[in-house]
file model02.pdb (PDB, C-alpha atoms)
ATOM      1  CA  HIS A  16      -5.520  33.474  -2.761  1.00  0.00           C
ATOM      2  CA  ALA A  17      -1.816  34.141  -2.250  1.00  0.00           C
ATOM      3  CA  ILE A  18      -0.892  32.133  -5.343  1.00  0.00           C
ATOM      4  CA  ARG A  19      -3.615  33.507  -7.641  1.00  0.00           C
ATOM      5  CA  GLY A  20      -1.456  36.384  -8.930  1.00  0.00           C
ATOM      6  CA  PRO A  21       1.652  34.314  -9.754  1.00  0.00           C
ATOM      7  CA  ALA A  22      -0.550  31.546 -11.222  1.00  0.00           C
ATOM      8  CA  ASP A  23      -2.310  34.020 -13.530  1.00  0.00           C
ATOM      9  CA  GLU A  24       1.079  35.379 -14.633  1.00  0.00           C
ATOM     10  CA  GLU A  25       2.288  31.869 -15.505  1.00  0.00           C
ATOM     11  CA  ILE A  26      -0.898  31.085 -17.446  1.00  0.00           C
ATOM     12  CA  ALA A  27      -0.493  34.338 -19.393  1.00  0.00           C
ATOM     13  CA  GLU A  28       3.107  33.377 -20.192  1.00  0.00           C
ATOM     14  CA  LEU A  29       2.011  29.919 -21.370  1.00  0.00           C
ATOM     15  CA  ALA A  30      -0.741  31.484 -23.495  1.00  0.00           C
ATOM     16  CA  GLY A  31       1.859  33.734 -25.140  1.00  0.00           C
ATOM     17  CA  LEU A  32       4.072  30.731 -25.824  1.00  0.00           C
ATOM     18  CA  LYS A  33       1.143  28.807 -27.310  1.00  0.00           C
ATOM     19  CA  ALA A  34       0.279  31.728 -29.581  1.00  0.00           C
ATOM     20  CA  SER A  35       3.911  31.978 -30.682  1.00  0.00           C
ATOM     21  CA  LEU A  36       4.080  28.258 -31.451  1.00  0.00           C
ATOM     22  CA  ASN A  37       0.804  28.442 -33.399  1.00  0.00           C
ATOM     23  CA  SER A  38       2.075  31.331 -35.535  1.00  0.00           C
ATOM     24  CA  ARG A  39       5.380  29.545 -36.222  1.00  0.00           C
ATOM     25  CA  GLN A  40       3.445  26.559 -37.512  1.00  0.00           C
ATOM     26  CA  GLY A  41       1.219  28.740 -39.673  1.00  0.00           C
ATOM     27  CA  GLY A  42      -1.961  27.975 -37.789  1.00  0.00           C
ATOM     28  CA  GLY A  43      -4.193  29.554 -35.234  1.00  0.00           C
ATOM     29  CA  SER A  44      -5.357  33.130 -34.892  1.00  0.00           C
ATOM     30  CA  LYS A  45      -3.337  36.025 -33.552  1.00  0.00           C
ATOM     31  CA  GLY A  46      -6.077  36.856 -31.061  1.00  0.00           C
ATOM     32  CA  SER A  47      -6.473  35.556 -27.532  1.00  0.00           C
ATOM     33  CA  VAL A  48      -5.313  31.992 -26.933  1.00  0.00           C
ATOM     34  CA  THR A  49      -6.757  29.701 -24.281  1.00  0.00           C
ATOM     35  CA  VAL A  50      -4.435  27.303 -22.474  1.00  0.00           C
ATOM     36  CA  GLN A  51      -6.312  24.022 -22.168  1.00  0.00           C
ATOM     37  CA  SER A  52      -5.605  21.482 -19.432  1.00  0.00           C
ATOM     38  CA  TRP A  53      -3.992  19.156 -21.973  1.00  0.00           C
ATOM     39  CA  ASP A  54      -1.616  21.950 -23.088  1.00  0.00           C
ATOM     40  CA  THR A  55      -0.111  22.658 -19.684  1.00  0.00           C
ATOM     41  CA  GLU A  56       2.524  19.924 -19.364  1.00  0.00           C
ATOM     42  CA  PHE A  57       3.805  20.429 -22.921  1.00  0.00           C
ATOM     43  CA  LEU A  58       3.929  24.217 -22.649  1.00  0.00           C
ATOM     44  CA  MET A  59       5.640  24.149 -19.252  1.00  0.00           C
ATOM     45  CA  ALA A  60       8.326  21.795 -20.555  1.00  0.00           C
ATOM     46  CA  ARG A  61       8.780  23.967 -23.664  1.00  0.00           C
ATOM     47  CA  ALA A  62       9.032  27.135 -21.561  1.00  0.00           C
ATOM     48  CA  ARG A  63      11.675  25.562 -19.330  1.00  0.00           C
ATOM     49  CA  SER A  64      13.708  24.366 -22.308  1.00  0.00           C
ATOM     50  CA  GLU A  65      13.629  27.837 -23.904  1.00  0.00           C
ATOM     51  CA  GLU A  66      14.455  29.749 -20.703  1.00  0.00           C
ATOM     52  CA  VAL A  67      17.137  27.496 -19.220  1.00  0.00           C
ATOM     53  CA  THR A  68      20.469  27.734 -21.013  1.00  0.00           C
ATOM     54  CA  LEU A  69      22.556  25.767 -18.505  1.00  0.00           C
ATOM     55  CA  PRO A  70      23.952  22.343 -19.476  1.00  0.00           C
ATOM     56  CA  SER A  71      21.650  19.539 -18.301  1.00  0.00           C
ATOM     57  CA  GLY A  72      23.923  18.450 -15.433  1.00  0.00           C
ATOM     58  CA  ALA A  73      25.004  21.902 -14.268  1.00  0.00           C
ATOM     59  CA  LEU A  74      22.759  21.896 -11.186  1.00  0.00           C
ATOM     60  CA  SER A  75      23.463  18.332 -10.075  1.00  0.00           C
ATOM     61  CA  GLU A  76      26.335  19.324  -7.787  1.00  0.00           C
ATOM     62  CA  TYR A  77      23.779  21.119  -5.614  1.00  0.00           C
ATOM     63  CA  PHE A  78      21.403  18.139  -5.474  1.00  0.00           C
ATOM     64  CA  ASN A  79      23.258  15.695  -3.258  1.00  0.00           C
ATOM     65  CA  LEU A  80      20.530  13.445  -1.820  1.00  0.00           C
ATOM     66  CA  ALA A  81      21.519  14.107   1.802  1.00  0.00           C
ATOM     67  CA  SER A  82      21.185  17.876   1.240  1.00  0.00           C
ATOM     68  CA  VAL A  83      17.914  17.414  -0.651  1.00  0.00           C
ATOM     69  CA  LEU A  84      16.419  15.355   2.192  1.00  0.00           C
ATOM     70  CA  GLN A  85      17.501  17.977   4.724  1.00  0.00           C
ATOM     71  CA  GLY A  86      15.783  20.612   2.607  1.00  0.00           C
ATOM     72  CA  ILE A  87      12.641  18.462   2.455  1.00  0.00           C
ATOM     73  CA  ARG A  88      12.648  18.185   6.270  1.00  0.00           C
ATOM     74  CA  GLU A  89      12.802  21.970   6.564  1.00  0.00           C
ATOM     75  CA  LEU A  90      10.133  22.482   3.888  1.00  0.00           C
ATOM     76  CA  LEU A  91       7.674  20.096   5.568  1.00  0.00           C
ATOM     77  CA  SER A  92       8.360  21.661   8.956  1.00  0.00           C
ATOM     78  CA  THR A  93       7.825  25.208   7.705  1.00  0.00           C
ATOM     79  CA  THR A  94       4.818  24.435   5.513  1.00  0.00           C
ATOM     80  CA  PHE A  95       2.898  21.824   7.508  1.00  0.00           C
ATOM     81  CA  GLY A  96       4.506  21.807  10.947  1.00  0.00           C
ATOM     82  CA  LEU A  97       5.655  18.224  10.436  1.00  0.00           C
ATOM     83  CA  VAL A  98       8.554  16.768  12.399  1.00  0.00           C
ATOM     84  CA  VAL A  99      10.323  14.458   9.934  1.00  0.00           C
ATOM     85  CA  ASP A 100      13.092  12.027  10.821  1.00  0.00           C
ATOM     86  CA  ILE A 101      15.058  10.169   8.135  1.00  0.00           C
ATOM     87  CA  GLN A 102      17.464   7.406   9.114  1.00  0.00           C
ATOM     88  CA  PRO A 103      18.855   4.199   7.582  1.00  0.00           C
ATOM     89  CA  ALA A 104      16.133   1.582   7.951  1.00  0.00           C
ATOM     90  CA  PRO A 105      16.804  -1.376  10.277  1.00  0.00           C
ATOM     91  CA  PRO A 106      17.807  -4.395   8.132  1.00  0.00           C
ATOM     92  CA  ALA A 107      14.963  -6.513   9.546  1.00  0.00           C
ATOM     93  CA  GLU A 108      12.367  -4.052   8.179  1.00  0.00           C
ATOM     94  CA  VAL A 109      13.486  -3.757   4.548  1.00  0.00           C
ATOM     95  CA  TRP A 110      14.013  -5.745   1.364  1.00  0.00           C
ATOM     96  CA  ALA A 111      17.347  -4.266   0.223  1.00  0.00           C
ATOM     97  CA  GLN A 112      20.418  -2.450   1.483  1.00  0.00           C
ATOM     98  CA  GLY A 113      20.446   1.335   1.431  1.00  0.00           C
ATOM     99  CA  VAL A 114      16.725   1.860   2.121  1.00  0.00           C
ATOM    100  CA  LEU A 115      15.975   4.867   4.319  1.00  0.00           C
ATOM    101  CA  LYS A 116      13.132   5.158   6.831  1.00  0.00           C
ATOM    102  CA  LEU A 117      11.173   8.407   7.018  1.00  0.00           C
ATOM    103  CA  THR A 118       8.860   8.894   9.993  1.00  0.00           C
ATOM    104  CA  ALA A 119       6.573  11.903  10.378  1.00  0.00           C
ATOM    105  CA  ASP A 120       4.898  13.404  13.435  1.00  0.00           C
ATOM    106  CA  HIS A 121       2.716  16.447  13.988  1.00  0.00           C
ATOM    107  CA  PRO A 122       2.631  18.247  17.363  1.00  0.00           C
ATOM    108  CA  ASP A 123      -1.194  18.377  17.421  1.00  0.00           C
ATOM    109  CA  VAL A 124      -1.866  14.879  16.044  1.00  0.00           C
ATOM    110  CA  GLY A 125       1.093  12.702  17.014  1.00  0.00           C
ATOM    111  CA  PRO A 126       2.694  10.072  14.756  1.00  0.00           C
ATOM    112  CA  LEU A 127       1.458  10.175  11.155  1.00  0.00           C
ATOM    113  CA  GLY A 128       3.131   7.160   9.564  1.00  0.00           C
ATOM    114  CA  THR A 129       6.217   5.817   7.830  1.00  0.00           C
ATOM    115  CA  VAL A 130       7.696   6.043   4.331  1.00  0.00           C
ATOM    116  CA  TYR A 131      10.535   3.760   3.235  1.00  0.00           C
ATOM    117  CA  LEU A 132      12.737   5.508   0.657  1.00  0.00           C
ATOM    118  CA  ASP A 133      14.250   2.994  -1.785  1.00  0.00           C
ATOM    119  CA  LEU A 134      16.122   5.318  -4.131  1.00  0.00           C
ATOM    120  CA  GLY A 135      19.192   3.464  -5.422  1.00  0.00           C
ATOM    121  CA  SER A 136      19.757   1.159  -8.389  1.00  0.00           C
ATOM    122  CA  ARG A 137      19.850  -2.625  -8.248  1.00  0.00           C
ATOM    123  CA  PRO A 138      19.181  -5.468 -10.703  1.00  0.00           C
ATOM    124  CA  GLY A 139      15.544  -6.479 -11.078  1.00  0.00           C
ATOM    125  CA  LYS A 140      14.166  -3.395  -9.333  1.00  0.00           C
ATOM    126  CA  TYR A 141      10.801  -1.972 -10.374  1.00  0.00           C
ATOM    127  CA  PRO A 142      11.441   0.596 -13.138  1.00  0.00           C
ATOM    128  CA  GLY A 143      10.438   4.210 -12.764  1.00  0.00           C
ATOM    129  CA  ALA A 144       9.342   6.115  -9.673  1.00  0.00           C
ATOM    130  CA  VAL A 145       6.269   5.133  -7.689  1.00  0.00           C
ATOM    131  CA  THR A 146       4.813   5.116  -4.176  1.00  0.00           C
ATOM    132  CA  PHE A 147       3.342   1.799  -3.047  1.00  0.00           C
ATOM    133  CA  PRO A 148       1.090   1.510   0.019  1.00  0.00           C
ATOM    134  CA  ILE A 149       2.254  -1.266   2.328  1.00  0.00           C
ATOM    135  CA  ARG A 150      -0.413  -0.596   4.940  1.00  0.00           C
ATOM    136  CA  CYS A 151      -3.219   1.915   4.429  1.00  0.00           C
ATOM    137  CA  GLY A 152      -4.442   4.282   7.085  1.00  0.00           C
ATOM    138  CA  ARG A 153      -7.904   3.681   8.589  1.00  0.00           C
ATOM    139  CA  ALA A 154      -9.906   4.046  11.764  1.00  0.00           C
ATOM    140  CA  LEU A 155      -9.762   1.041  14.091  1.00  0.00           C
ATOM    141  CA  GLY A 156     -12.630  -0.283  16.169  1.00  0.00           C
ATOM    142  CA  ASN A 157     -10.957   0.665  19.449  1.00  0.00           C
ATOM    143  CA  GLY A 158     -10.923   4.399  18.634  1.00  0.00           C
ATOM    144  CA  ARG A 159      -7.317   4.409  17.510  1.00  0.00           C
ATOM    145  CA  TYR A 160      -5.973   5.001  14.009  1.00  0.00           C
ATOM    146  CA  GLN A 161      -3.950   2.551  11.927  1.00  0.00           C
ATOM    147  CA  LEU A 162      -0.874   4.481  10.800  1.00  0.00           C
ATOM    148  CA  PRO A 163       0.028   4.118   7.130  1.00  0.00           C
ATOM    149  CA  VAL A 164       3.264   2.621   5.835  1.00  0.00           C
ATOM    150  CA  MET A 165       4.479   3.312   2.291  1.00  0.00           C
ATOM    151  CA  ALA A 166       7.428   2.556   0.048  1.00  0.00           C
ATOM    152  CA  LEU A 167       8.706   5.219  -2.333  1.00  0.00           C
ATOM    153  CA  LEU A 168      10.749   3.550  -5.077  1.00  0.00           C
ATOM    154  CA  ALA A 169      12.944   5.338  -7.610  1.00  0.00           C
ATOM    155  CA  ASP A 170      16.173   4.635  -9.462  1.00  0.00           C
ATOM    156  CA  PHE A 171      18.595   7.527  -8.906  1.00  0.00           C
ATOM    157  CA  GLY A 172      21.746   5.527  -9.601  1.00  0.00           C
ATOM    158  CA  PRO A 173      24.066   3.065  -7.834  1.00  0.00           C
ATOM    159  CA  GLY A 174      25.755   3.690  -4.506  1.00  0.00           C
ATOM    160  CA  ARG A 175      24.918   4.492  -0.926  1.00  0.00           C
ATOM    161  CA  PRO A 176      22.071   6.991  -0.410  1.00  0.00           C
ATOM    162  CA  GLU A 177      24.332   9.680   1.075  1.00  0.00           C
ATOM    163  CA  LYS A 178      26.505   9.547  -2.070  1.00  0.00           C
ATOM    164  CA  LEU A 179      23.701   9.887  -4.625  1.00  0.00           C
ATOM    165  CA  THR A 180      23.420  13.059  -6.685  1.00  0.00           C
ATOM    166  CA  LEU A 181      20.165  13.909  -8.455  1.00  0.00           C
ATOM    167  CA  THR A 182      19.493  15.598 -11.755  1.00  0.00           C
ATOM    168  CA  TYR A 183      16.912  18.390 -11.826  1.00  0.00           C
ATOM    169  CA  ARG A 184      14.399  15.982 -13.366  1.00  0.00           C
ATOM    170  CA  GLU A 185      15.054  13.410 -10.630  1.00  0.00           C
ATOM    171  CA  LEU A 186      14.598  16.095  -7.977  1.00  0.00           C
ATOM    172  CA  ARG A 187      11.218  17.005  -9.457  1.00  0.00           C
ATOM    173  CA  THR A 188      10.276  13.323  -9.538  1.00  0.00           C
ATOM    174  CA  LEU A 189      11.238  12.844  -5.875  1.00  0.00           C
ATOM    175  CA  LEU A 190       9.226  15.909  -4.806  1.00  0.00           C
ATOM    176  CA  HIS A 191       6.241  14.696  -6.844  1.00  0.00           C
ATOM    177  CA  GLU A 192       6.248  11.287  -5.166  1.00  0.00           C
ATOM    178  CA  LEU A 193       6.791  12.836  -1.729  1.00  0.00           C
ATOM    179  CA  GLY A 194       3.705  14.952  -2.419  1.00  0.00           C
ATOM    180  CA  HIS A 195       1.683  11.736  -2.660  1.00  0.00           C
ATOM    181  CA  CYS A 196       3.299  10.546   0.564  1.00  0.00           C
ATOM    182  CA  CYS A 197       2.381  13.774   2.381  1.00  0.00           C
ATOM    183  CA  HIS A 198      -1.213  13.418   1.173  1.00  0.00           C
ATOM    184  CA  ASN A 199      -1.298   9.889   2.540  1.00  0.00           C
ATOM    185  CA  LEU A 200       0.368  10.800   5.845  1.00  0.00           C
ATOM    186  CA  ALA A 201      -2.046  13.683   6.479  1.00  0.00           C
ATOM    187  CA  SER A 202      -5.129  11.664   5.603  1.00  0.00           C
ATOM    188  CA  ARG A 203      -7.466  10.519   8.380  1.00  0.00           C
ATOM    189  CA  THR A 204     -10.292   8.379   7.038  1.00  0.00           C
ATOM    190  CA  ARG A 205     -12.667   5.840   8.467  1.00  0.00           C
ATOM    191  CA  TYR A 206     -12.198   3.369   5.620  1.00  0.00           C
ATOM    192  CA  GLN A 207      -8.894   2.436   4.008  1.00  0.00           C
ATOM    193  CA  HIS A 208     -10.331   2.414   0.484  1.00  0.00           C
ATOM    194  CA  LEU A 209     -10.886   6.193   0.856  1.00  0.00           C
ATOM    195  CA  TRP A 210      -7.492   6.863   2.429  1.00  0.00           C
ATOM    196  CA  GLY A 211      -4.950   9.292   1.037  1.00  0.00           C
ATOM    197  CA  THR A 212      -4.724   9.445  -2.730  1.00  0.00           C
ATOM    198  CA  ARG A 213      -7.596   6.939  -3.029  1.00  0.00           C
ATOM    199  CA  CYS A 214     -10.003   9.859  -3.233  1.00  0.00           C
ATOM    200  CA  ALA A 215     -11.967  11.749  -5.867  1.00  0.00           C
ATOM    201  CA  GLN A 216      -9.637  13.540  -8.257  1.00  0.00           C
ATOM    202  CA  ASP A 217     -10.121  17.212  -9.088  1.00  0.00           C
ATOM    203  CA  MET A 218      -8.204  17.061 -12.370  1.00  0.00           C
TER     204      MET A 218
END

call {"tool": "encode", "arguments": {"input": "model02.pdb", "output": "structure tokens"}}
result
Amino acid sequence: HAIRGPADEEIAELAGLKASLNSRQGGGSKGSVTVQSWDTEFLMARARSEEVTLPSGALSEYFNLASVLQGIRELLSTTFGLVVDIQPAPPAEVWAQGVLKLTADHPDVGPLGTVYLDLGSRPGKYPGAVTFPIRCGRALGNGRYQLPVMALLADFGPGRPEKLTLTYRELRTLLHELGHCCHNLASRTRYQHLWGTRCAQDM
């Protein structure tokens, strides 16, 4: 319920923007406008572009990857009580140089799993940003739980991870993919085909 007020304010702002766009194009009524689910992404992007007057790279100096990852540690600790450790991955565990290893624990549950962060550029790398499951979580027959292992791939430019600087869009992309990872890490299911994001979708 804490986010209902701010959410309603944002929807009202998007509805106003939609009405304004409709009137500029000579269509639509001047009465109440409903923001449909398929409008949201477009209207949010339009609102950001109209409100933000900074040059596109003006914020990048604040988005050094090392600082961003430290902020993510603090966010996950404050929000979910997770203890997150991020270190260079041992060479024997990974497929390329510069991959980082994120491990997560919770004081009441114990270890939650591992995410390999492959964030730099290299020839032949999978394009775009995506989280691949390497090993799904599931209940084992001996009463224990198989901890998940994932790989988060993105292309944020060449160089060592500690030297990378993100754009605002890349920061949003990283947080989006880490949201999937958190869902997967927190999941505890009997069967791996129902684990994490392999669940019923609400949107």

call {"tool": "residues_around", "arguments": {"input": "model02.pdb", "residues": "range 51-56 of chain A", "least_positions_apart": "3", "cutoff": "12 Å", "atoms": "only C-alpha atoms", "output": "list in words"}}
result
Glu25, Ile26, Ala27, Glu28, Leu29, Ala30, Leu32, Lys33, Ala34, Leu36, Val48, Met59, Ala60, Arg61, Ala62, Arg63 and Met218 of chain A

call {"tool": "write_last_selection", "arguments": {"input": "model02.pdb", "atoms": "C-alpha atoms", "output": "PDB file, in the frame of the given file"}}
result
ATOM      1  CA  GLU A  25       2.288  31.869 -15.505  1.00  0.00           C
ATOM      2  CA  ILE A  26      -0.898  31.085 -17.446  1.00  0.00           C
ATOM      3  CA  ALA A  27      -0.493  34.338 -19.393  1.00  0.00           C
ATOM      4  CA  GLU A  28       3.107  33.377 -20.192  1.00  0.00           C
ATOM      5  CA  LEU A  29       2.011  29.919 -21.370  1.00  0.00           C
ATOM      6  CA  ALA A  30      -0.741  31.484 -23.495  1.00  0.00           C
ATOM      7  CA  LEU A  32       4.072  30.731 -25.824  1.00  0.00           C
ATOM      8  CA  LYS A  33       1.143  28.807 -27.310  1.00  0.00           C
ATOM      9  CA  ALA A  34       0.279  31.728 -29.581  1.00  0.00           C
ATOM     10  CA  LEU A  36       4.080  28.258 -31.451  1.00  0.00           C
ATOM     11  CA  VAL A  48      -5.313  31.992 -26.933  1.00  0.00           C
ATOM     12  CA  MET A  59       5.640  24.149 -19.252  1.00  0.00           C
ATOM     13  CA  ALA A  60       8.326  21.795 -20.555  1.00  0.00           C
ATOM     14  CA  ARG A  61       8.780  23.967 -23.664  1.00  0.00           C
ATOM     15  CA  ALA A  62       9.032  27.135 -21.561  1.00  0.00           C
ATOM     16  CA  ARG A  63      11.675  25.562 -19.330  1.00  0.00           C
ATOM     17  CA  MET A 218      -8.204  17.061 -12.370  1.00  0.00           C
TER      18      MET A 218
END

call {"tool": "closest_residue", "arguments": {"input": "model02.pdb", "among": "A:Ser92, A:Asn199, A:Thr204, A:Thr118", "to": "Thr146 in chain A", "atoms": "only C-alpha atoms"}}
result
A:Asn199

call {"tool": "atom_distance", "arguments": {"input": "model02.pdb", "atom1": "CA of Val83 in chain A", "atom2": "CA of Cys196 in chain A"}}
result
16.2 Å

call {"tool": "residues_around", "arguments": {"input": "model02.pdb", "residues": "Gly86 in chain A", "least_positions_apart": "4", "cutoff": "12 Å", "atoms": "only C-alpha atoms", "output": "ChimeraX atom specification"}}
result
/A:77-82,90-94,99,101,186,190

call {"tool": "closest_residue", "arguments": {"input": "model02.pdb", "among": "A:Gly125, A:Gly194, A:Gly152, A:Gly135", "to": "Asp170 in chain A", "atoms": "all atoms listed in the file"}}
result
A:Gly135

call {"tool": "atom_distance", "arguments": {"input": "model02.pdb", "atom1": "CA of Gly158 in chain A", "atom2": "CA of Thr129 in chain A"}}
result
20.3 Å

call {"tool": "resolve_selection", "arguments": {"input": "model02.pdb", "expression": "the PyMOL selection byres ((chain A and resi 210) around 12)", "output": "PDB file with C-alpha atoms, in the frame of the given file"}}
result
ATOM      1  CA  PRO A 148       1.090   1.510   0.019  1.00  0.00           C
ATOM      2  CA  ARG A 150      -0.413  -0.596   4.940  1.00  0.00           C
ATOM      3  CA  CYS A 151      -3.219   1.915   4.429  1.00  0.00           C
ATOM      4  CA  GLY A 152      -4.442   4.282   7.085  1.00  0.00           C
ATOM      5  CA  ARG A 153      -7.904   3.681   8.589  1.00  0.00           C
ATOM      6  CA  ALA A 154      -9.906   4.046  11.764  1.00  0.00           C
ATOM      7  CA  TYR A 160      -5.973   5.001  14.009  1.00  0.00           C
ATOM      8  CA  GLN A 161      -3.950   2.551  11.927  1.00  0.00           C
ATOM      9  CA  LEU A 162      -0.874   4.481  10.800  1.00  0.00           C
ATOM     10  CA  PRO A 163       0.028   4.118   7.130  1.00  0.00           C
ATOM     11  CA  HIS A 195       1.683  11.736  -2.660  1.00  0.00           C
ATOM     12  CA  CYS A 196       3.299  10.546   0.564  1.00  0.00           C
ATOM     13  CA  HIS A 198      -1.213  13.418   1.173  1.00  0.00           C
ATOM     14  CA  ASN A 199      -1.298   9.889   2.540  1.00  0.00           C
ATOM     15  CA  LEU A 200       0.368  10.800   5.845  1.00  0.00           C
ATOM     16  CA  ALA A 201      -2.046  13.683   6.479  1.00  0.00           C
ATOM     17  CA  SER A 202      -5.129  11.664   5.603  1.00  0.00           C
ATOM     18  CA  ARG A 203      -7.466  10.519   8.380  1.00  0.00           C
ATOM     19  CA  THR A 204     -10.292   8.379   7.038  1.00  0.00           C
ATOM     20  CA  ARG A 205     -12.667   5.840   8.467  1.00  0.00           C
ATOM     21  CA  TYR A 206     -12.198   3.369   5.620  1.00  0.00           C
ATOM     22  CA  GLN A 207      -8.894   2.436   4.008  1.00  0.00           C
ATOM     23  CA  HIS A 208     -10.331   2.414   0.484  1.00  0.00           C
ATOM     24  CA  LEU A 209     -10.886   6.193   0.856  1.00  0.00           C
ATOM     25  CA  GLY A 211      -4.950   9.292   1.037  1.00  0.00           C
ATOM     26  CA  THR A 212      -4.724   9.445  -2.730  1.00  0.00           C
ATOM     27  CA  ARG A 213      -7.596   6.939  -3.029  1.00  0.00           C
ATOM     28  CA  CYS A 214     -10.003   9.859  -3.233  1.00  0.00           C
ATOM     29  CA  ALA A 215     -11.967  11.749  -5.867  1.00  0.00           C
TER      30      ALA A 215
END

call {"tool": "axis_aligned_box", "arguments": {"input": "model02.pdb", "around": "range 173-176 of chain A", "padding_each_side": "3 Å", "output": "AutoDock Vina command-line options"}}
result
--center_x 23.9 --center_y 5.0 --center_z -4.1 --size_x 9.7 --size_y 9.9 --size_z 13.4

call {"tool": "atom_distance", "arguments": {"input": "model02.pdb", "atom1": "CA of Ser35 in chain A", "atom2": "CA of Thr188 in chain A"}}
result
28.9 Å

call {"tool": "closest_residue", "arguments": {"input": "model02.pdb", "among": "A:Asp120, A:Glu108, A:Glu185, A:Asp23", "to": "Ala144 in chain A", "atoms": "all atoms listed in the file"}}
result
A:Glu185

call {"tool": "closest_residue", "arguments": {"input": "model02.pdb", "among": "A:Leu168, A:Leu127, A:Leu132, A:Val109", "to": "Leu84 in chain A", "atoms": "all atoms listed in the file"}}
result
A:Leu132

call {"tool": "resolve_selection", "arguments": {"input": "model02.pdb", "expression": "the PyMOL selection byres ((chain A and resi 104) around 7)", "output": "list of chain:residue names"}}
result
A:Gln102, A:Pro103, A:Pro105, A:Pro106, A:Glu108, A:Val109, A:Val114, A:Leu115, A:Lys116

call {"tool": "closest_residue", "arguments": {"input": "model02.pdb", "among": "A:Ser136, A:Ser75, A:Gln40, A:Thr68", "to": "Thr182 in chain A", "atoms": "only C-alpha atoms"}}
result
A:Ser75

call {"tool": "residues_around", "arguments": {"input": "model02.pdb", "residues": "Ile149 in chain A", "least_positions_apart": "6", "cutoff": "9 Å", "atoms": "all atoms listed in the file", "output": "ChimeraX atom specification"}}
result
/A:163-166

call {"tool": "decode", "arguments": {"input": "model02.pdb", "residues": "range 192-196 of chain A", "atoms": "all heavy atoms", "output": "tab-separated table (two decimals), in the first residue's frame"}}
result
chain	number	residue	atom	x	y	z
A	192	GLU	N	17.78	-6.83	-15.34
A	192	GLU	CA	18.25	-8.22	-15.36
A	192	GLU	C	18.54	-8.73	-13.94
A	192	GLU	O	18.27	-9.88	-13.62
A	192	GLU	CB	19.50	-8.35	-16.23
A	192	GLU	CG	19.24	-8.17	-17.71
A	192	GLU	CD	18.22	-9.16	-18.27
A	192	GLU	OE1	18.19	-10.32	-17.80
A	192	GLU	OE2	17.45	-8.77	-19.16
A	193	LEU	N	19.08	-7.86	-13.08
A	193	LEU	CA	19.32	-8.27	-11.70
A	193	LEU	C	18.01	-8.53	-10.96
A	193	LEU	O	17.97	-9.33	-10.02
A	193	LEU	CB	20.14	-7.22	-10.96
A	193	LEU	CG	21.64	-7.25	-11.28
A	193	LEU	CD1	22.34	-6.03	-10.70
A	193	LEU	CD2	22.29	-8.52	-10.74
A	194	GLY	N	16.93	-7.88	-11.40
A	194	GLY	CA	15.62	-8.19	-10.83
A	194	GLY	C	15.23	-9.63	-11.11
A	194	GLY	O	14.71	-10.34	-10.22
A	195	HIS	N	15.48	-10.10	-12.34
A	195	HIS	CA	15.23	-11.51	-12.65
A	195	HIS	C	16.10	-12.41	-11.78
A	195	HIS	O	15.65	-13.45	-11.27
A	195	HIS	CB	15.53	-11.79	-14.13
A	195	HIS	CG	14.59	-11.14	-15.08
A	195	HIS	ND1	13.22	-11.19	-14.95
A	195	HIS	CD2	14.82	-10.42	-16.21
A	195	HIS	CE1	12.65	-10.54	-15.94
A	195	HIS	NE2	13.60	-10.05	-16.73
A	196	CYS	N	17.35	-12.02	-11.60
A	196	CYS	CA	18.26	-12.83	-10.79
A	196	CYS	C	17.78	-12.92	-9.35
A	196	CYS	O	17.82	-14.00	-8.74
A	196	CYS	CB	19.67	-12.24	-10.83
A	196	CYS	SG	20.46	-12.34	-12.44
